[in-house]
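Novice: The file below is work25.txt, compact mmCIF, C-alpha atoms:
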# COMPACT_ATOMS: atom_id res chain seq x y z
CA MET A 1 -1.17 20.24 25.31
CA GLU A 2 -0.06 16.94 23.82
CA ILE A 3 -0.74 16.68 20.10
CA LYS A 4 -2.41 13.38 19.20
CA TYR A 5 -2.96 14.02 15.53
CA GLN A 6 -2.15 16.76 13.04
CA LYS A 7 -2.02 17.31 9.32
CA SER A 8 1.05 15.88 7.63
CA LYS A 9 3.85 18.28 6.80
CA GLY A 10 3.92 16.47 3.48
CA LEU A 11 0.79 18.36 2.39
CA THR A 12 0.47 22.05 1.64
CA ASP A 13 -2.35 24.25 2.94
CA LYS A 14 -3.97 24.37 -0.50
CA PRO A 15 -7.56 23.02 -0.30
CA LEU A 16 -8.00 19.82 -2.30
CA SER A 17 -9.95 20.23 -5.54
CA TYR A 18 -11.40 16.72 -5.70
CA CYS A 19 -15.12 15.97 -5.81
CA PRO A 20 -16.95 15.13 -2.55
CA GLY A 21 -16.45 11.48 -1.65
CA CYS A 22 -13.44 10.99 -3.91
CA THR A 23 -10.70 9.04 -2.15
CA HIS A 24 -7.81 10.83 -3.87
CA GLY A 25 -7.56 12.95 -0.72
CA ILE A 26 -7.05 9.88 1.47
CA ILE A 27 -4.34 8.59 -0.84
CA HIS A 28 -2.62 11.99 -0.86
CA LYS A 29 -2.60 11.86 2.93
CA LEU A 30 -1.03 8.39 2.99
CA VAL A 31 1.70 9.36 0.52
CA ALA A 32 2.48 12.56 2.43
CA GLU A 33 2.59 10.81 5.82
CA SER A 34 4.87 8.09 4.46
CA LEU A 35 7.35 10.58 3.04
CA GLU A 36 7.33 12.60 6.26
CA GLU A 37 7.80 9.57 8.50
CA LEU A 38 10.71 8.34 6.40
CA GLY A 39 12.34 11.76 6.70
CA VAL A 40 12.72 12.25 2.94
CA LEU A 41 10.44 15.22 2.20
CA ASP A 42 13.34 17.58 1.62
CA HIS A 43 14.77 15.38 -1.12
CA THR A 44 11.66 14.00 -2.80
CA VAL A 45 10.44 14.79 -6.32
CA GLY A 46 6.87 13.92 -7.31
CA VAL A 47 5.64 13.70 -10.90
CA ALA A 48 2.05 14.80 -11.47
CA SER A 49 0.11 13.08 -14.23
CA VAL A 50 -2.77 14.33 -16.37
CA GLY A 51 -6.18 13.48 -14.97
CA CYS A 52 -8.02 14.26 -11.76
CA SER A 53 -4.67 14.50 -9.99
CA VAL A 54 -3.30 17.01 -12.49
CA PHE A 55 -3.00 19.66 -9.75
CA SER A 56 -1.34 17.36 -7.22
CA TYR A 57 1.77 19.52 -7.50
CA GLU A 58 -0.18 22.09 -5.47
CA PHE A 59 -0.97 19.62 -2.70
CA PHE A 60 2.28 17.73 -1.99
CA ASN A 61 4.81 19.71 0.04
CA CYS A 62 7.85 18.51 -1.89
CA ASP A 63 9.40 19.30 -5.24
CA MET A 64 6.92 18.47 -8.00
CA ILE A 65 6.88 18.51 -11.78
CA GLN A 66 3.98 18.33 -14.22
CA CYS A 67 4.47 16.11 -17.26
CA PRO A 68 2.55 15.42 -20.49
CA HIS A 69 -0.26 12.88 -20.46
CA GLY A 70 1.04 9.36 -19.78
CA ARG A 71 4.72 10.28 -19.64
CA ALA A 72 5.17 10.25 -15.86
CA ALA A 73 7.34 7.14 -15.70
CA ALA A 74 9.64 8.45 -18.42
CA VAL A 75 9.98 11.83 -16.71
CA ALA A 76 10.55 10.13 -13.34
CA THR A 77 13.27 8.01 -14.93
CA GLY A 78 15.11 11.11 -16.12
CA ILE A 79 14.84 12.78 -12.71
CA LYS A 80 16.04 9.69 -10.83
CA ARG A 81 18.99 9.10 -13.13
CA THR A 82 20.18 12.69 -12.77
CA HIS A 83 19.39 12.87 -9.03
CA PRO A 84 19.82 9.27 -7.79
CA GLU A 85 19.89 10.41 -4.16
CA ASP A 86 16.32 11.74 -4.37
CA ILE A 87 13.10 9.81 -3.76
CA VAL A 88 11.10 10.01 -6.99
CA PHE A 89 7.46 9.03 -7.35
CA THR A 90 4.68 9.38 -9.89
CA TYR A 91 1.02 9.83 -9.03
CA GLN A 92 -1.13 8.48 -11.88
CA GLY A 93 -4.71 7.46 -12.60
CA ASP A 94 -5.84 4.46 -14.61
CA GLY A 95 -6.52 6.52 -17.73
CA ASP A 96 -3.05 8.05 -17.60
CA LEU A 97 -1.10 4.91 -16.72
CA ALA A 98 -3.11 2.01 -18.16
CA SER A 99 -3.87 3.68 -21.48
CA ILE A 100 -1.65 6.39 -22.96
CA GLY A 101 1.16 5.78 -20.48
CA ILE A 102 1.32 1.98 -20.56
CA ALA A 103 4.44 1.77 -22.76
CA GLU A 104 6.51 4.17 -20.67
CA THR A 105 5.51 2.44 -17.46
CA ILE A 106 6.19 -1.09 -18.70
CA HIS A 107 9.64 -0.20 -19.95
CA ALA A 108 10.54 1.69 -16.78
CA ALA A 109 9.56 -1.42 -14.83
CA ASN A 110 11.48 -3.70 -17.19
CA ARG A 111 14.61 -1.60 -16.72
CA GLY A 112 14.13 -1.81 -12.96
CA GLU A 113 14.20 1.96 -12.58
CA ASN A 114 14.49 2.85 -8.90
CA ILE A 115 11.24 4.86 -8.77
CA THR A 116 7.85 4.42 -7.11
CA ILE A 117 4.54 4.50 -8.98
CA ILE A 118 1.35 5.39 -7.11
CA PHE A 119 -1.35 4.03 -9.42
CA VAL A 120 -4.90 5.13 -8.56
CA ASN A 121 -7.51 2.89 -10.17
CA ASN A 122 -11.09 4.19 -10.12
CA ALA A 123 -12.15 2.31 -13.26
CA VAL A 124 -13.16 5.42 -15.19
CA TYR A 125 -11.81 8.56 -16.84
CA GLY A 126 -12.71 10.97 -14.04
CA MET A 127 -11.55 14.41 -15.14
CA THR A 128 -12.76 14.34 -18.74
CA GLY A 129 -16.36 13.27 -18.20
CA GLY A 130 -16.61 9.65 -17.11
CA GLN A 131 -15.59 7.76 -20.24
CA MET A 132 -14.76 4.04 -20.19
CA ALA A 133 -11.20 3.41 -19.01
CA PRO A 134 -8.92 0.41 -19.62
CA THR A 135 -9.85 -0.76 -16.12
CA SER A 136 -13.64 -0.29 -16.37
CA LEU A 137 -15.51 -3.42 -15.27
CA ILE A 138 -17.60 -5.64 -17.53
CA GLY A 139 -21.11 -4.23 -17.48
CA GLN A 140 -20.00 -0.90 -16.04
CA LYS A 141 -21.91 2.00 -17.57
CA THR A 142 -19.87 5.02 -18.61
CA THR A 143 -20.46 7.93 -20.98
CA THR A 144 -18.84 5.93 -23.80
CA SER A 145 -20.36 2.58 -22.80
CA PRO A 146 -23.92 3.61 -21.83
CA MET A 147 -25.15 0.02 -22.13
CA GLY A 148 -22.27 -1.28 -20.03
CA ARG A 149 -18.80 -2.48 -20.99
CA ASP A 150 -19.02 -5.47 -23.32
CA ALA A 151 -16.05 -7.82 -23.54
CA HIS A 152 -16.62 -8.65 -27.22
CA MET A 153 -16.86 -5.00 -28.24
CA HIS A 154 -14.60 -3.25 -25.75
CA GLY A 155 -12.29 -5.98 -24.46
CA ASN A 156 -11.80 -6.96 -20.84
CA PRO A 157 -10.48 -4.79 -18.00
CA ILE A 158 -6.69 -4.62 -17.98
CA HIS A 159 -5.15 -6.08 -14.84
CA ILE A 160 -2.10 -3.88 -14.44
CA SER A 161 -0.69 -5.44 -11.27
CA GLU A 162 -1.04 -8.97 -12.63
CA MET A 163 0.69 -7.89 -15.83
CA PHE A 164 3.56 -6.11 -14.07
CA SER A 165 4.11 -8.99 -11.65
CA GLN A 166 5.70 -10.89 -14.54
CA ILE A 167 8.34 -8.22 -15.13
CA GLU A 168 11.73 -9.06 -13.63
CA GLY A 169 12.65 -5.44 -12.90
CA VAL A 170 9.78 -5.03 -10.45
CA SER A 171 10.90 -5.15 -6.81
CA TYR A 172 7.65 -4.61 -4.94
CA LEU A 173 4.07 -4.59 -6.22
CA GLU A 174 0.85 -4.57 -4.20
CA ARG A 175 -2.79 -3.77 -4.89
CA CYS A 176 -4.58 -2.01 -2.04
CA SER A 177 -7.80 -0.11 -1.46
CA VAL A 178 -9.06 2.68 0.78
CA HIS A 179 -12.73 1.70 1.12
CA ASN A 180 -12.58 1.13 4.89
CA PRO A 181 -10.23 1.96 7.80
CA ARG A 182 -8.52 -1.42 7.75
CA GLN A 183 -7.70 -1.12 4.06
CA VAL A 184 -6.53 2.47 4.54
CA ARG A 185 -4.01 1.28 7.14
CA ASN A 186 -2.85 -1.49 4.83
CA ALA A 187 -2.44 0.94 1.94
CA LYS A 188 -0.35 3.22 4.16
CA ASN A 189 1.95 0.34 5.06
CA ALA A 190 2.31 -0.63 1.39
CA ILE A 191 3.10 2.91 0.26
CA LYS A 192 5.66 3.38 3.01
CA LYS A 193 7.26 0.03 2.17
CA ALA A 194 7.53 0.99 -1.50
CA PHE A 195 9.33 4.23 -0.61
CA SER A 196 11.57 2.32 1.80
CA TYR A 197 12.54 -0.10 -0.96
CA GLN A 198 13.39 2.81 -3.24
CA LYS A 199 15.46 4.37 -0.48
CA GLU A 200 17.38 1.08 -0.24
CA GLY A 201 17.93 1.03 -4.01
CA ARG A 202 15.91 -2.14 -4.64
CA GLY A 203 14.42 -0.97 -7.96
CA PHE A 204 10.96 -0.39 -9.40
CA THR A 205 8.02 -0.36 -6.97
CA MET A 206 4.33 0.20 -7.69
CA ILE A 207 1.29 0.42 -5.45
CA GLU A 208 -2.10 0.11 -7.15
CA ILE A 209 -4.91 1.59 -5.07
CA LEU A 210 -8.60 1.05 -5.78
CA SER A 211 -10.33 4.39 -5.47
CA THR A 212 -13.84 5.84 -5.81
CA CYS A 213 -15.40 8.24 -8.32
CA PRO A 214 -18.90 8.90 -6.91
CA VAL A 215 -19.78 11.63 -9.43
CA ASN A 216 -18.99 9.70 -12.59
CA TRP A 217 -20.27 6.44 -11.12
CA GLY A 218 -23.54 8.16 -10.24
CA LYS A 219 -23.37 7.00 -6.63
CA THR A 220 -23.33 8.52 -3.18
CA PRO A 221 -19.94 8.47 -1.45
CA GLN A 222 -21.18 5.66 0.83
CA ASP A 223 -22.47 3.57 -2.08
CA ALA A 224 -19.25 4.19 -4.00
CA LEU A 225 -17.18 2.74 -1.15
CA LYS A 226 -19.49 -0.26 -1.05
CA TRP A 227 -19.15 -0.74 -4.81
CA VAL A 228 -15.38 -0.86 -4.48
CA GLU A 229 -15.70 -3.60 -1.86
CA ASP A 230 -18.50 -5.57 -3.52
CA GLU A 231 -17.54 -5.26 -7.19
CA MET A 232 -14.05 -3.90 -7.81
CA THR A 233 -12.23 -6.20 -5.41
CA LYS A 234 -13.77 -9.21 -7.18
CA VAL A 235 -12.16 -8.14 -10.44
CA PHE A 236 -9.06 -6.60 -8.90
CA PRO A 237 -8.20 -8.71 -5.82
CA LEU A 238 -6.19 -7.06 -3.06
CA LYS A 239 -2.85 -8.78 -2.58
CA VAL A 240 0.93 -8.56 -2.72
CA PHE A 241 1.93 -9.61 -6.21
CA LYS A 242 5.68 -9.35 -5.79
CA ASP A 243 8.04 -8.62 -2.92
CA ALA A 244 11.72 -9.08 -3.68
CA GLY A 245 12.58 -8.46 -0.04
CA VAL A 246 10.55 -11.46 1.11
CA GLU A 247 11.54 -13.62 -1.83
CA SER A 248 15.24 -13.07 -1.15
CA HIS A 249 14.82 -14.64 2.30
CA GLU A 250 12.90 -17.71 1.15
For the file at hand, write its structure as structure tokens.

Specialist:
Amino acid sequence: MEIKYQKSKGLTDKPLSYCPGCTHGIIHKLVAESLEELGVLDHTVGVASVGCSVFSYEFFNCDMIQCPHGRAAAVATGIKRTHPEDIVFTYQGDGDLASIGIAETIHAANRGENITIIFVNNAVYGMTGGQMAPTSLIGQKTTTSPMGRDAHMHGNPIHISEMFSQIEGVSYLERCSVHNPRQVRNAKNAIKKAFSYQKEGRGFTMIEILSTCPVNWGKTPQDALKWVEDEMTKVFPLKVFKDAGVESHE
């Protein structure tokens, strides 16, 4: 019998621990498929962050390491510099990267470290109870902003991709989403391209992916996907912010 579709060898058989409707599972699938298709699974090292994806080392079928909260980019830097032949990636949420880990990530990008950051933005602290995150939208209600995020009191959402697009060491940077099949396919292409650039030694690459958190948003999975499309993409537009490969041919 001809096999039309099967689970990626880049994932283990461990059942995912994410909440129903969470799109972390889709993103895991895209990362795993990309690594498998590029033929690099046997020499890839992933760095798990602290957050909802804290147990991602149990799900990816490659070498993984767990690091302290926010330190993924620094740990990935050390791994890549000692094992430059390996593909090294971090898997981080917005609380981990955009808050406690912002300094490490900025400086890794500025140095042009040849690593790939998978940045999952669901606009909330998911694992710890739904607190306001650096990326929470204006008016968004969270456990620490029950009346909605207020710009004068809490500041505005941090636009990580826009910020990092100004850093010279960044080779490839794109913001994607997984709220419908078309965007899932686009996210897969972006992730695979980022790993390809790392394989070619082009430097720092980051893919930001808008993701859902139905439980902490208080929405059904279907409504959460719609909220990403209707609200999050207005604040965080989907686009390629930087592509050194294209720019070098202009």

Novice: Please, what distance in Å, to one decimal, runs between atom CA of A:Pro157 and atom CA of A:Ile138?

Specialist: 7.2 Å

Novice: Between A:Arg175, A:Arg182, A:His152, A:Lys226, single out the one closest to A:Met206, counting only C-alpha atoms.

Specialist: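 Nearest to A:Met206: A:Arg175.
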
Novice: Separation of atom CA of A:Ser56 and atom CA of A:Gln140, in Å?

Specialist: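 Atom CA of A:Gln140 lies 27.6 Å from atom CA of A:Ser56.
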
Novice: Mind giving me the straight-line distance from atom CA of A:Val45 to atom CA of A:Asp96 in Å, one decimal?

Specialist: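 Computed distance, atom CA of A:Val45 to atom CA of A:Asp96, equals 18.8 Å.
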
Novice: Find, counting all atoms listed in the file, the residue in A:Met153, A:Val178, A:Val215, A:Val50 that gets nearest to A:Gln92.

Specialist: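 The closest residue to A:Gln92 is A:Val50.
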
Novice: With all atoms listed in the file as the atoms that count, which of A:Ile117, A:Met1, A:Ala224, A:Cys22 lies nearest to A:Ser49?

Specialist: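 Of the candidates, the smallest distance to A:Ser49 is held by A:Ile117.
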
Novice: Considering only C-alpha atoms, return as a list in words whatever protein or nucleic-acid residues lie within 7 Å of A:Thr90, sequence-local ones (same chain, fewer than 6 positions apart) excluded.

Specialist: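 After dropping sequence-adjacent residues, the list is Gly46, Val47, Ala48, Ala72, Ala73, Ala76, Thr116, Ile117 and Ile118 of chain A.
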
Novice: I need the residues from that last selection saved to file as a compact mmCIF listing (two decimals), in the frame of the given file (with C-alpha atoms), if you can.

Specialist:
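Saved to part_19.txt:
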# COMPACT_ATOMS: atom_id res chain seq x y z
CA GLY A 46 6.87 13.92 -7.31
CA VAL A 47 5.64 13.70 -10.90
CA ALA A 48 2.05 14.80 -11.47
CA ALA A 72 5.17 10.25 -15.86
CA ALA A 73 7.34 7.14 -15.70
CA ALA A 76 10.55 10.13 -13.34
CA THR A 116 7.85 4.42 -7.11
CA ILE A 117 4.54 4.50 -8.98
CA ILE A 118 1.35 5.39 -7.11

Novice: Could you give me, as a Markdown table, every stretch 122-176 of chain A residue with an atom at most 10 Å from stretch 228-233 of chain A, plus its closest atom pair and distance in Å to one decimal, counting only C-alpha atoms, rows ordered by chain then number?

Specialist:
| residue | atom | partner | partner_atom | distance |
| --- | --- | --- | --- | --- |
| A:Asn122 | CA | A:Val228 | CA | 8.7 |
| A:Ala123 | CA | A:Met232 | CA | 8.5 |
| A:Thr135 | CA | A:Met232 | CA | 9.8 |
| A:Ser136 | CA | A:Met232 | CA | 9.3 |
| A:Leu137 | CA | A:Met232 | CA | 7.6 |
| A:Arg175 | CA | A:Thr233 | CA | 9.8 |
| A:Cys176 | CA | A:Thr233 | CA | 9.4 |

Novice: So which one's closest to A:Thr142, A:Thr23, A:Val54, A:Leu11, A:Asn216? Using all atoms listed in the file, please.

Specialist: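 With all atoms listed in the file as the atom set, the closest residue is A:Asn216.
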
Novice: For A:Gly101, which residue among A:Pro84, A:Pro134, A:Pro15, A:Gly203 is the nearest when counting all atoms listed in the file?

Specialist: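 Under the stated criterion, the closest residue is A:Pro134.
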
Novice: Near A:His83, counting only C-alpha atoms, which residues have an atom at most 12 Å away, once you skip same-chain residues fewer than 5 positions from it, shown as an mmCIF file with C-alpha atoms, in the coordinates of the input?

Specialist:
data_model
loop_
_atom_site.group_PDB
_atom_site.id
_atom_site.type_symbol
_atom_site.label_atom_id
_atom_site.label_comp_id
_atom_site.auth_asym_id
_atom_site.auth_seq_id
_atom_site.Cartn_x
_atom_site.Cartn_y
_atom_site.Cartn_z
ATOM 1 C CA HIS A 43 14.770 15.380 -1.120
ATOM 2 C CA THR A 44 11.660 14.000 -2.800
ATOM 3 C CA VAL A 45 10.440 14.790 -6.320
ATOM 4 C CA ALA A 76 10.550 10.130 -13.340
ATOM 5 C CA THR A 77 13.270 8.010 -14.930
ATOM 6 C CA GLY A 78 15.110 11.110 -16.120
ATOM 7 C CA VAL A 88 11.100 10.010 -6.990
ATOM 8 C CA ASN A 114 14.490 2.850 -8.900
ATOM 9 C CA ILE A 115 11.240 4.860 -8.770
#

Novice: Of the candidates A:Pro20, A:Val235, A:Leu30, A:Met127, which one gets nearest to A:Phe195 if we count only C-alpha atoms?

Specialist: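 Closest to A:Phe195 of all the choices is A:Leu30.
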